[in-house]
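The data block below is coords.cif; it holds mmCIF, C-alpha atoms.
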data_entry
#
loop_
_atom_site.label_atom_id
_atom_site.label_comp_id
_atom_site.auth_asym_id
_atom_site.auth_seq_id
_atom_site.Cartn_x
_atom_site.Cartn_y
_atom_site.Cartn_z
CA MET A 1137 104.86 155.44 100.07
CA SER A 1138 106.18 157.26 103.14
CA GLU A 1139 102.96 156.87 105.17
CA LEU A 1140 101.44 153.74 106.62
CA ASP A 1141 98.20 152.64 104.94
CA ARG A 1142 95.53 153.31 107.58
CA VAL A 1143 93.24 150.56 106.23
CA ILE A 1144 95.92 147.90 106.73
CA HIS A 1145 97.45 149.40 109.87
CA GLU A 1146 94.59 148.21 112.09
CA PRO A 1147 95.90 144.98 113.80
CA VAL A 1148 93.04 142.66 112.83
CA ARG A 1149 92.99 143.81 109.22
CA LEU A 1150 96.78 143.52 109.04
CA ARG A 1151 96.56 139.90 110.16
CA ILE A 1152 93.75 139.13 107.74
CA MET A 1153 95.87 140.55 104.91
CA ALA A 1154 98.99 138.72 106.13
CA ILE A 1155 97.20 135.35 106.26
CA LEU A 1156 95.63 135.82 102.83
CA SER A 1157 99.02 136.85 101.36
CA GLY A 1158 100.26 133.29 101.84
CA LEU A 1159 97.22 131.67 100.23
CA ASP A 1160 95.25 131.73 97.02
CA ARG A 1161 91.95 131.60 98.86
CA ALA A 1162 90.53 130.93 102.31
CA ASP A 1163 86.99 130.62 103.52
CA PHE A 1164 85.15 132.40 106.33
CA LYS A 1165 85.41 129.39 108.65
CA PHE A 1166 89.19 129.16 108.28
CA MET A 1167 89.68 132.86 108.95
CA LEU A 1168 87.33 132.69 111.92
CA SER A 1169 89.04 129.69 113.54
CA THR A 1170 92.52 131.05 112.83
CA LEU A 1171 91.99 134.58 114.08
CA GLY A 1172 89.67 133.66 116.94
CA LEU A 1173 87.30 136.55 116.25
CA SER A 1174 83.53 136.79 116.43
CA LYS A 1175 81.63 136.35 113.14
CA GLY A 1176 80.43 139.96 113.02
CA ASN A 1177 83.84 141.33 113.83
CA LEU A 1178 85.56 139.38 111.08
CA ALA A 1179 82.85 140.22 108.54
CA SER A 1180 83.04 143.94 109.24
CA HIS A 1181 86.86 144.04 109.00
CA VAL A 1182 86.76 142.12 105.73
CA ASP A 1183 84.10 144.54 104.54
CA LYS A 1184 86.53 147.43 105.10
CA LEU A 1185 89.22 145.61 103.14
CA GLU A 1186 86.77 144.82 100.35
CA GLN A 1187 85.73 148.47 100.13
CA ALA A 1188 89.41 149.43 99.80
CA GLY A 1189 89.72 146.91 96.95
CA TYR A 1190 92.26 144.78 98.83
CA VAL A 1191 90.17 141.64 99.34
CA ASP A 1192 87.86 139.89 96.89
CA VAL A 1193 84.82 138.31 98.57
CA ARG A 1194 82.92 135.53 96.80
CA LYS A 1195 79.67 134.23 98.22
CA SER A 1196 78.13 130.95 97.13
CA PHE A 1197 76.15 128.03 98.50
CA ASN A 1198 77.31 124.54 99.46
CA GLY A 1199 73.95 122.87 99.15
CA LYS A 1200 71.79 125.01 101.42
CA LEU A 1201 74.70 126.38 103.45
CA PRO A 1202 76.19 129.77 102.57
CA HIS A 1203 79.91 129.69 101.77
CA THR A 1204 82.09 132.81 101.75
CA GLU A 1205 85.55 132.79 100.23
CA TYR A 1206 88.25 135.47 100.47
CA ARG A 1207 91.23 136.18 98.30
CA LEU A 1208 93.74 139.00 98.23
CA THR A 1209 93.51 141.15 95.09
CA GLN A 1210 96.60 142.28 93.19
CA SER A 1211 96.20 145.79 94.61
CA GLY A 1212 95.91 144.21 98.07
CA ARG A 1213 99.21 142.36 97.57
CA THR A 1214 100.89 145.56 96.36
CA ALA A 1215 99.45 147.57 99.27
CA LEU A 1216 100.66 144.97 101.79
CA ALA A 1217 104.17 144.89 100.26
CA ASN A 1218 104.28 148.71 100.43
CA TYR A 1219 103.03 148.61 104.02
CA TRP A 1220 105.86 146.26 105.08
CA ALA A 1221 108.38 148.42 103.22
CA VAL A 1222 107.23 151.59 105.00
CA LEU A 1223 107.18 149.75 108.34
CA ASP A 1224 110.76 148.54 107.76
CA LEU A 1225 111.81 152.12 106.96
CA ILE A 1226 110.22 153.38 110.18
CA ARG A 1227 111.86 150.58 112.19
CA GLU A 1228 115.28 151.28 110.66
CA SER A 1229 115.25 155.08 111.09
CA PRO A 1230 115.74 155.27 114.91
CA GLN A 1231 118.50 152.64 114.67
CA LYS A 1232 120.36 154.77 112.14
CA ARG A 1233 120.07 157.79 114.43
CA THR A 1234 121.56 155.85 117.37
CA ASP A 1235 124.38 154.57 115.12
CA MET B 1402 115.83 152.26 101.06
CA SER B 1403 115.19 148.79 102.38
CA ARG B 1404 113.98 146.01 100.16
CA PRO B 1405 110.16 145.77 100.02
CA SER B 1406 109.49 142.60 101.99
CA ASP B 1407 106.51 140.36 101.42
CA ALA B 1408 105.02 137.53 103.42
CA ARG B 1409 107.34 134.99 101.77
CA SER B 1410 110.58 136.67 102.84
CA PRO B 1411 112.99 134.11 104.29
CA LYS B 1412 114.15 136.73 106.79
CA THR B 1413 110.67 136.91 108.25
CA ARG B 1414 110.67 136.67 112.02
CA ASN B 1415 108.25 134.07 113.36
CA ASP B 1416 106.59 136.46 115.82
CA ASP B 1417 106.11 139.17 113.19
CA PRO B 1418 102.56 139.41 111.72
CA ARG B 1419 104.04 138.94 108.25
CA ALA B 1420 105.03 135.38 109.28
CA ALA B 1421 101.29 134.60 109.16
CA GLY B 1422 101.52 134.34 105.35
CA LYS B 1423 104.42 131.90 105.58
CA TRP B 1424 102.66 129.60 108.09
CA ALA B 1425 99.34 129.84 106.23
CA ARG B 1426 101.09 128.72 103.05
CA ARG B 1427 102.87 125.83 104.80
CA TYR B 1428 99.62 124.75 106.43
CA ALA B 1429 97.73 124.80 103.10
CA GLN B 1430 100.52 122.89 101.31
CA ASN B 1431 100.44 120.07 103.86
CA ARG B 1432 96.72 119.51 104.37
CA SER B 1433 97.06 115.84 103.51
CA LEU B 1434 94.19 114.12 105.32
CA GLY B 1435 92.55 113.47 101.93
CA MET B 1436 95.71 111.69 100.79
CA VAL B 1437 95.86 109.67 104.03
CA ALA B 1438 92.20 108.69 103.62
CA SER B 1439 92.85 107.62 99.99
CA MET B 1440 95.81 105.48 101.07
CA LEU B 1441 93.80 103.85 103.86
CA ILE B 1442 90.95 103.08 101.44
CA PHE B 1443 93.52 101.64 99.00
CA LEU B 1444 95.00 99.46 101.77
CA VAL B 1445 91.55 98.23 102.86
CA LEU B 1446 90.68 97.40 99.23
CA TRP B 1447 94.00 95.62 98.80
CA ALA B 1448 93.27 93.54 101.90
CA ALA B 1449 89.73 92.88 100.61
CA ILE B 1450 91.20 91.53 97.36
CA ALA B 1451 94.31 89.73 98.66
CA GLY B 1452 92.61 88.12 101.69
CA PRO B 1453 89.68 86.44 99.88
CA SER B 1454 91.99 85.46 96.98
CA TYR B 1455 94.27 83.56 99.39
CA LEU B 1456 91.43 82.10 101.46
CA GLY B 1457 89.36 81.27 98.38
CA GLY B 1458 92.31 79.39 96.82
CA ASN B 1459 92.78 77.28 99.94
CA ALA B 1460 89.02 76.66 100.23
CA TYR B 1461 88.87 75.60 96.56
CA ARG B 1462 91.68 73.09 97.05
CA SER B 1463 90.05 71.63 100.18
CA GLY B 1464 86.55 71.60 98.63
CA HIS B 1465 84.80 74.12 100.93
CA TRP B 1466 82.47 75.58 98.33
CA ALA B 1467 80.52 77.84 100.67
CA ILE B 1468 83.76 79.65 101.57
CA VAL B 1469 84.77 79.82 97.89
CA TRP B 1470 81.50 81.55 96.94
CA ALA B 1471 81.70 83.89 99.91
CA CYS B 1472 85.25 84.86 98.86
CA ILE B 1473 84.10 85.43 95.26
CA ALA B 1474 81.29 87.71 96.52
CA VAL B 1475 83.74 89.78 98.61
CA LEU B 1476 86.16 89.93 95.65
CA VAL B 1477 83.44 91.22 93.30
CA VAL B 1478 82.48 93.98 95.76
CA ALA B 1479 86.15 94.89 96.39
CA VAL B 1480 87.01 95.06 92.68
CA ALA B 1481 83.90 97.16 92.00
CA ALA B 1482 84.92 99.52 94.82
CA LEU B 1483 88.48 99.70 93.44
CA ILE B 1484 87.14 100.68 90.00
CA TYR B 1485 84.83 103.26 91.63
CA PHE B 1486 87.70 104.88 93.56
CA SER B 1487 90.03 104.80 90.55
CA VAL B 1488 87.71 106.84 88.32
CA PRO B 1489 88.25 110.54 89.15
CA ARG B 1490 84.68 111.44 88.27
CA TRP B 1491 83.29 109.11 90.96
CA GLY B 1492 86.03 108.41 93.48
CA GLY B 1493 87.64 111.85 93.10
CA LYS B 1494 84.42 113.62 93.95
CA MET B 1495 83.79 111.33 96.88
CA MET B 1496 87.31 111.94 98.23
CA GLU B 1497 86.73 115.68 97.83
CA ARG B 1498 83.61 115.38 100.00
CA VAL B 1499 85.49 113.24 102.55
CA THR B 1500 88.34 115.79 102.69
CA LYS B 1501 85.89 118.67 103.19
CA ARG B 1502 84.27 116.77 106.04
CA LEU B 1503 87.64 115.97 107.64
CA TYR B 1504 88.57 119.66 107.62
CA ALA B 1505 85.06 120.88 108.45
CA ARG B 1506 86.08 122.29 111.84
CA GLU B 1507 88.93 124.45 110.59
CA GLY B 1508 87.62 125.53 107.20
CA THR B 1509 89.38 125.74 103.84
CA ALA B 1510 92.71 127.34 102.97
CA GLN B 1511 94.02 126.66 99.50
CA LEU B 1512 96.91 127.18 97.16
CA VAL B 1513 95.82 126.54 93.60
CA PRO B 1514 98.30 125.40 90.93
CA PRO B 1515 98.32 127.66 87.86
CA THR B 1516 95.86 126.35 85.27
CA THR B 1517 97.29 127.22 81.88
CA ARG B 1518 96.58 125.19 78.76
CA GLY B 1519 100.26 124.18 78.54
CA ARG B 1520 100.25 122.80 82.08
CA HIS B 1521 96.99 120.98 81.41
CA ARG B 1522 98.49 119.32 78.32
CA LEU B 1523 101.69 118.48 80.16
CA GLY B 1524 99.66 116.90 82.97
CA ALA B 1525 97.69 114.77 80.50
CA LEU B 1526 100.92 113.76 78.72
CA LEU B 1527 102.58 112.82 82.02
CA GLY B 1528 99.56 110.78 83.10
CA ALA B 1529 99.47 108.93 79.77
CA ALA B 1530 103.24 108.25 79.81
CA PHE B 1531 103.02 106.98 83.40
CA GLY B 1532 100.03 104.75 82.61
CA ILE B 1533 101.76 103.24 79.55
CA SER B 1534 105.07 102.66 81.35
CA ILE B 1535 103.40 101.03 84.40
CA THR B 1536 101.25 98.81 82.15
CA ALA B 1537 104.37 97.81 80.20
CA THR B 1538 106.26 97.05 83.43
CA VAL B 1539 103.44 94.87 84.80
CA THR B 1540 103.03 93.07 81.43
CA LEU B 1541 106.77 92.38 81.19
CA GLY B 1542 106.71 91.15 84.80
CA VAL B 1543 103.76 88.81 84.20
CA LEU B 1544 105.40 87.45 81.04
CA GLY B 1545 108.55 86.73 83.02
CA PHE B 1546 110.86 89.23 81.33
CA ILE B 1547 111.43 91.08 84.62
CA PRO B 1548 112.36 88.96 87.70
CA LEU B 1549 109.80 89.47 90.48
CA LYS B 1550 112.41 90.88 92.86
CA TYR B 1551 113.25 93.65 90.38
CA MET B 1552 109.64 94.73 89.80
CA GLN B 1553 109.87 97.55 92.36
CA PRO B 1554 113.20 98.97 91.05
CA VAL B 1555 111.90 98.85 87.45
CA SER B 1556 108.62 100.51 88.47
CA ALA B 1557 110.67 103.18 90.29
CA LEU B 1558 112.23 104.16 86.95
CA CYS B 1559 108.83 105.51 85.85
CA SER B 1560 107.13 106.23 89.22
CA VAL B 1561 109.85 108.44 90.72
CA PRO B 1562 110.22 110.83 87.73
CA PHE B 1563 106.40 110.91 87.43
CA LEU B 1564 105.88 111.85 91.09
CA VAL B 1565 108.61 114.52 90.94
CA ALA B 1566 107.21 115.96 87.69
CA LEU B 1567 103.71 115.93 89.17
CA TRP B 1568 104.96 117.80 92.23
CA LEU B 1569 106.64 120.40 90.01
CA LEU B 1570 103.47 120.73 87.95
CA MET B 1571 101.28 121.16 91.01
CA ARG B 1572 103.54 123.74 92.66
CA PRO B 1573 102.85 125.60 94.91
CA ALA B 1574 99.87 123.43 95.96
CA GLY B 1575 102.11 120.73 97.47
CA GLY B 1576 105.01 121.34 99.83
CA PRO B 1577 108.50 119.77 99.72
CA ILE B 1578 107.38 117.07 102.22
CA MET B 1579 105.43 115.48 99.35
CA LEU B 1580 108.79 114.60 97.76
CA LEU B 1581 109.36 112.17 100.64
CA TRP B 1582 107.31 109.57 98.78
CA PRO B 1583 109.42 109.43 95.57
CA ALA B 1584 112.59 109.76 97.68
CA LEU B 1585 111.72 106.71 99.82
CA TYR B 1586 110.52 104.80 96.76
CA ALA B 1587 113.84 105.49 94.99
CA LEU B 1588 115.85 104.57 98.09
CA HIS B 1589 113.92 101.29 98.39
CA ALA B 1590 114.73 100.51 94.73
CA VAL B 1591 118.43 101.30 95.19
CA LEU B 1592 118.60 99.06 98.29
CA ILE B 1593 117.01 96.14 96.39
CA VAL B 1594 119.42 96.54 93.46
CA ALA B 1595 122.33 96.76 95.93
CA GLY B 1596 121.21 93.44 97.41
CA ALA B 1597 120.01 94.65 100.80
CA PRO B 1598 117.91 91.96 102.57
CA ILE B 1599 114.63 93.88 102.49
CA LEU B 1600 112.66 91.61 100.15
CA LEU B 1601 109.87 89.53 101.68
CA THR B 1602 109.42 85.97 100.51
CA GLY B 1603 106.78 83.25 100.52
CA ARG B 1604 103.19 84.29 101.19
CA TRP B 1605 104.32 87.86 102.02
CA ASP B 1606 105.98 88.56 98.67
CA SER B 1607 103.01 90.66 97.47
CA LEU B 1608 103.94 93.17 100.20
CA ASN B 1609 107.14 93.95 98.26
CA MET B 1610 105.10 96.30 96.07
CA LEU B 1611 102.44 97.29 98.60
CA ILE B 1612 104.87 98.66 101.19
CA PRO B 1613 106.66 101.06 98.81
CA VAL B 1614 103.43 102.17 97.09
CA ALA B 1615 100.88 102.50 99.89
CA GLY B 1616 103.18 102.34 102.94
CA TYR B 1617 105.49 105.17 101.86
CA GLY B 1618 102.48 107.10 100.54
CA LEU B 1619 100.78 106.77 103.91
CA LEU B 1620 103.98 107.73 105.72
CA THR B 1621 104.33 110.83 103.52
CA GLY B 1622 100.70 111.78 104.08
CA LEU B 1623 101.00 111.39 107.86
CA THR B 1624 104.28 113.36 107.96
CA ALA B 1625 102.69 116.18 105.94
CA HIS B 1626 99.63 116.09 108.20
CA ALA B 1627 101.78 116.34 111.33
CA TYR B 1628 103.61 119.31 109.83
CA SER B 1629 100.32 120.97 108.86
CA ARG B 1630 99.23 120.71 112.53
CA PHE B 1631 102.46 122.41 113.59
CA ALA B 1632 102.05 125.11 110.90
CA LEU B 1633 98.46 125.75 111.99
CA TRP B 1634 99.56 126.06 115.62
CA ARG B 1635 102.25 128.59 114.61
CA LEU B 1636 99.80 130.43 112.37
CA ARG B 1637 97.23 130.75 115.17
CA ARG B 1638 99.92 132.00 117.55
CA VAL B 1639 100.98 134.69 115.09
CA ALA B 1640 97.43 135.52 114.00
CA ARG B 1641 96.09 135.86 117.53
CA GLY B 1642 99.16 137.44 119.08
CA GLY B 1643 99.41 141.13 119.79
CA PHE B 1644 95.73 141.92 119.83
CA ARG B 1645 92.73 140.89 121.85
CA GLU B 1646 89.27 140.13 120.65
CA GLU B 1647 87.41 143.39 120.35
CA ALA B 1648 83.85 143.75 121.58
CA PRO B 1649 81.65 141.47 119.44
CA GLU B 1650 79.68 143.23 116.71
CA ASP B 1651 81.52 146.47 117.52
CA PRO B 1652 84.58 146.62 115.27
CA GLN B 1653 86.94 149.54 115.18
CA PRO B 1654 86.75 151.52 111.95
#

Conversion result in structure tokens:
Amino acid sequence: MSELDRVIHEPVRLRIMAILSGLDRADFKFMLSTLGLSKGNLASHVDKLEQAGYVDVRKSFNGKLPHTEYRLTQSGRTALANYWAVLDLIRESPQKRTD
Amino acid sequence: MSRPSDARSPKTRNDDPRAAGKWARRYAQNRSLGMVASMLIFLVLWAAIAGPSYLGGNAYRSGHWAIVWACIAVLVVAVAALIYFSVPRWGGKMMERVTKRLYAREGTAQLVPPTTRGRHRLGALLGAAFGISITATVTLGVLGFIPLKYMQPVSALCSVPFLVALWLLMRPAGGPIMLLWPALYALHAVLIVAGAPILLTGRWDSLNMLIPVAGYGLLTGLTAHAYSRFALWRLRRVARGGFREEAPEDPQP
């Protein structure tokens, strides 16, 4: 737990994880409009998080339109909580040295 | 070692990426355009029933039969529409489609209430108890056992606990702003019992129930909607801050 998770540490992926941590589920359109990314960029970052087992991706159809839904897995929630904890430790350590 | 912090930490700084979870949750809890649309439909249907009833009565007394039949036709359509919107299988699905369309540009973000069998039973029990108590209140009112001016305070005795219990049952899907409705409804009831001059008389007396039911509901929905706009603005600021859009189709590993 002393090292930052490299999968989450990338800024876009960190924000994807942070947004999903406050929700039960969000769809592709919401993530796209909130993050202001291109479709391919968002999809490839989510792909990385899915491969790590942090995000669950569910694809379905709304009529003829494809619909993609994301949710944070339990291991994703744990990994994010650990990430914040390690980040807090790193932030606190130089302050302690100056004290 | 510091406490492991999550996105729901109250100490979260608003410019910190972890605040994104907090604002996303607040946004999802207050997406109330569906509720506003329901209230507006309810108000339109109320007007479509109350208006022709009043006009039709006057036309009947003065012998204008064409107007009477026109009013009856409008009433039949309005009552049929009211039944349609009151049945969850029909109206509920339609409102779901309307809500999806209203939020089509920004997509879907949801908080889902836990669906255990106990909660499901409790929800059904609450709904049944509320239905019985409201029916009893209306029946007692029609039979003259409850004075007309006390109809709203008596209905508050069952509506307010029902709305609060429903909010608790649906947590975390609805935010605290949703409690504004039962709070205003209860305050209205207390003011009537205390003798405050807020009761309408004459031809406007039917508004004494409509304002607390649909008016406060609409006010709550609009307040929640305004807050959801603010939460979305904060969320986008946090979510887009600190990094720029990378080259399209060329993500960093």

Review point. What does the distance from CA of Pro1583 in chain B to CA of Arg1498 in chain B come to in Å, to one decimal?
Key: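 Here the two named atoms are 26.9 Å from each other.
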
Put the listed atoms of range 1159-1163 of chain A in a box along x, y and z with 8 Å added on every side and give me the centre and edge lengths in Å to one decimal, as JSON.
{"center_x": 92.1, "center_y": 131.2, "center_z": 100.3, "size_x": 26.2, "size_y": 17.1, "size_z": 22.5}

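The interatomic distance for the pair CA of Leu1512 in chain B and CA of Trp1424 in chain B works out to 12.6 Å.
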
Review point. Counting all atoms listed in the file, what is within 8 Å of Met1552 in chain B, bar same-chain residues fewer than 3 positions away, as a PyMOL selection string?
Key: chain B and resi 1538-1539+1542+1547-1549+1555-1556+1610

Practice item. Kindly determine which residues of chain A lie within 7 Å of chain B, considering all atoms listed in the file, and give the answer as a PyMOL selection string. Key: chain A and resi 1147+1151+1154-1163+1165-1166+1169-1174+1176-1177+1180+1217-1218+1220-1221+1224-1225

Go ahead and dump the residues you just picked, C-alpha atoms, as a PDB file, keeping the file's coordinate frame.
ATOM      1  CA  PRO A1147      95.900 144.980 113.800  1.00  0.00           C
ATOM      2  CA  ARG A1151      96.560 139.900 110.160  1.00  0.00           C
ATOM      3  CA  ALA A1154      98.990 138.720 106.130  1.00  0.00           C
ATOM      4  CA  ILE A1155      97.200 135.350 106.260  1.00  0.00           C
ATOM      5  CA  LEU A1156      95.630 135.820 102.830  1.00  0.00           C
ATOM      6  CA  SER A1157      99.020 136.850 101.360  1.00  0.00           C
ATOM      7  CA  GLY A1158     100.260 133.290 101.840  1.00  0.00           C
ATOM      8  CA  LEU A1159      97.220 131.670 100.230  1.00  0.00           C
ATOM      9  CA  ASP A1160      95.250 131.730  97.020  1.00  0.00           C
ATOM     10  CA  ARG A1161      91.950 131.600  98.860  1.00  0.00           C
ATOM     11  CA  ALA A1162      90.530 130.930 102.310  1.00  0.00           C
ATOM     12  CA  ASP A1163      86.990 130.620 103.520  1.00  0.00           C
ATOM     13  CA  LYS A1165      85.410 129.390 108.650  1.00  0.00           C
ATOM     14  CA  PHE A1166      89.190 129.160 108.280  1.00  0.00           C
ATOM     15  CA  SER A1169      89.040 129.690 113.540  1.00  0.00           C
ATOM     16  CA  THR A1170      92.520 131.050 112.830  1.00  0.00           C
ATOM     17  CA  LEU A1171      91.990 134.580 114.080  1.00  0.00           C
ATOM     18  CA  GLY A1172      89.670 133.660 116.940  1.00  0.00           C
ATOM     19  CA  LEU A1173      87.300 136.550 116.250  1.00  0.00           C
ATOM     20  CA  SER A1174      83.530 136.790 116.430  1.00  0.00           C
ATOM     21  CA  GLY A1176      80.430 139.960 113.020  1.00  0.00           C
ATOM     22  CA  ASN A1177      83.840 141.330 113.830  1.00  0.00           C
ATOM     23  CA  SER A1180      83.040 143.940 109.240  1.00  0.00           C
ATOM     24  CA  ALA A1217     104.170 144.890 100.260  1.00  0.00           C
ATOM     25  CA  ASN A1218     104.280 148.710 100.430  1.00  0.00           C
ATOM     26  CA  TRP A1220     105.860 146.260 105.080  1.00  0.00           C
ATOM     27  CA  ALA A1221     108.380 148.420 103.220  1.00  0.00           C
ATOM     28  CA  ASP A1224     110.760 148.540 107.760  1.00  0.00           C
ATOM     29  CA  LEU A1225     111.810 152.120 106.960  1.00  0.00           C
TER      30      LEU A1225
END

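The nearest approach to Leu1608 in chain B among the residues B:Leu1434, B:Leu1441, B:Leu1503, B:Ala1451, with only C-alpha atoms taken into account, belongs to B:Ala1451.
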
Who sits within 12 Å of Ala1448 in chain B, all atoms listed in the file, same chain under 5 positions skipped, as a PDB file with C-alpha atoms, keeping the file's coordinate frame:
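Contents of the output file result-v8.pdb:
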ATOM      1  CA  LEU B1441      93.800 103.850 103.860  1.00  0.00           C
ATOM      2  CA  ILE B1442      90.950 103.080 101.440  1.00  0.00           C
ATOM      3  CA  PHE B1443      93.520 101.640  99.000  1.00  0.00           C
ATOM      4  CA  PRO B1453      89.680  86.440  99.880  1.00  0.00           C
ATOM      5  CA  SER B1454      91.990  85.460  96.980  1.00  0.00           C
ATOM      6  CA  TYR B1455      94.270  83.560  99.390  1.00  0.00           C
ATOM      7  CA  LEU B1456      91.430  82.100 101.460  1.00  0.00           C
ATOM      8  CA  VAL B1475      83.740  89.780  98.610  1.00  0.00           C
ATOM      9  CA  LEU B1476      86.160  89.930  95.650  1.00  0.00           C
ATOM     10  CA  ALA B1479      86.150  94.890  96.390  1.00  0.00           C
ATOM     11  CA  VAL B1480      87.010  95.060  92.680  1.00  0.00           C
ATOM     12  CA  LEU B1483      88.480  99.700  93.440  1.00  0.00           C
ATOM     13  CA  SER B1607     103.010  90.660  97.470  1.00  0.00           C
ATOM     14  CA  LEU B1608     103.940  93.170 100.200  1.00  0.00           C
ATOM     15  CA  LEU B1611     102.440  97.290  98.600  1.00  0.00           C
ATOM     16  CA  ALA B1615     100.880 102.500  99.890  1.00  0.00           C
TER      17      ALA B1615
END

Exercise for review: Excluding range 1188-1201 of chain A and any residue of its chain fewer than 4 positions from it, enumerate the residues within 10 Å of it, using all atoms listed in the file, and give them as a VMD selection string.
Suggested key: chain A and resid 1143 to 1144 1152 to 1153 1156 1161 1163 to 1164 1182 to 1184 1205 to 1216

Can you write out the residues you just picked, keeping C-alpha atoms, as a PDB file, keeping the file's coordinate frame?
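Resulting contents of part_32.pdb:
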ATOM      1  CA  VAL A1143      93.240 150.560 106.230  1.00  0.00           C
ATOM      2  CA  ILE A1144      95.920 147.900 106.730  1.00  0.00           C
ATOM      3  CA  ILE A1152      93.750 139.130 107.740  1.00  0.00           C
ATOM      4  CA  MET A1153      95.870 140.550 104.910  1.00  0.00           C
ATOM      5  CA  LEU A1156      95.630 135.820 102.830  1.00  0.00           C
ATOM      6  CA  ARG A1161      91.950 131.600  98.860  1.00  0.00           C
ATOM      7  CA  ASP A1163      86.990 130.620 103.520  1.00  0.00           C
ATOM      8  CA  PHE A1164      85.150 132.400 106.330  1.00  0.00           C
ATOM      9  CA  VAL A1182      86.760 142.120 105.730  1.00  0.00           C
ATOM     10  CA  ASP A1183      84.100 144.540 104.540  1.00  0.00           C
ATOM     11  CA  LYS A1184      86.530 147.430 105.100  1.00  0.00           C
ATOM     12  CA  GLU A1205      85.550 132.790 100.230  1.00  0.00           C
ATOM     13  CA  TYR A1206      88.250 135.470 100.470  1.00  0.00           C
ATOM     14  CA  ARG A1207      91.230 136.180  98.300  1.00  0.00           C
ATOM     15  CA  LEU A1208      93.740 139.000  98.230  1.00  0.00           C
ATOM     16  CA  THR A1209      93.510 141.150  95.090  1.00  0.00           C
ATOM     17  CA  GLN A1210      96.600 142.280  93.190  1.00  0.00           C
ATOM     18  CA  SER A1211      96.200 145.790  94.610  1.00  0.00           C
ATOM     19  CA  GLY A1212      95.910 144.210  98.070  1.00  0.00           C
ATOM     20  CA  ARG A1213      99.210 142.360  97.570  1.00  0.00           C
ATOM     21  CA  THR A1214     100.890 145.560  96.360  1.00  0.00           C
ATOM     22  CA  ALA A1215      99.450 147.570  99.270  1.00  0.00           C
ATOM     23  CA  LEU A1216     100.660 144.970 101.790  1.00  0.00           C
TER      24      LEU A1216
END

Practice item. Choose the residue, out of B:Gly1452, B:Gly1616, B:Gly1622, B:Pro1554, that has the smallest atom-to-atom separation from Ala1590 in chain B; count only C-alpha atoms. Key: B:Pro1554

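Computed from the coordinates, the CA of Leu1223 in chain A to CA of Glu1139 in chain A distance equals 8.9 Å.
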
Check your understanding: Taking the file as shown, what set of residues would the PyMOL selection byres ((chain B and resi 1626) around 7) give back, as a ChimeraX atom specification?
Key -> /B:1431-1434,1622-1625,1627-1630

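With all atoms listed in the file as the atoms that count, the residue of A:Pro1202, A:Arg1149, A:Leu1140, A:Ile1226 with the shortest distance to Glu1186 in chain A is A:Arg1149.
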
Check your understanding: Got a sec: who's within 12 Å of Trp1582 in chain B, counting only C-alpha atoms, leaving out chain neighbours fewer than 6 positions off, as a PyMOL selection string?
Key -> chain B and resi 1436+1557+1560-1565+1568+1588-1589+1612-1625

Review point. Which of these residues is nearest to Leu1446 in chain B, using all atoms listed in the file: B:Met1571, B:Ala1460, B:Val1478, B:Leu1558?
Key: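 Checking each candidate against Leu1446 in chain B, we get B:Val1478 as the closest.
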
Check your understanding: Pick the closest to Ala1449 in chain B from B:Leu1580, B:Cys1472, B:Phe1486, B:Ser1463: which is it, counting all atoms listed in the file?
Key ->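 Between B:Leu1580, B:Cys1472, B:Phe1486, B:Ser1463, the residue approaching Ala1449 in chain B most closely is B:Cys1472.
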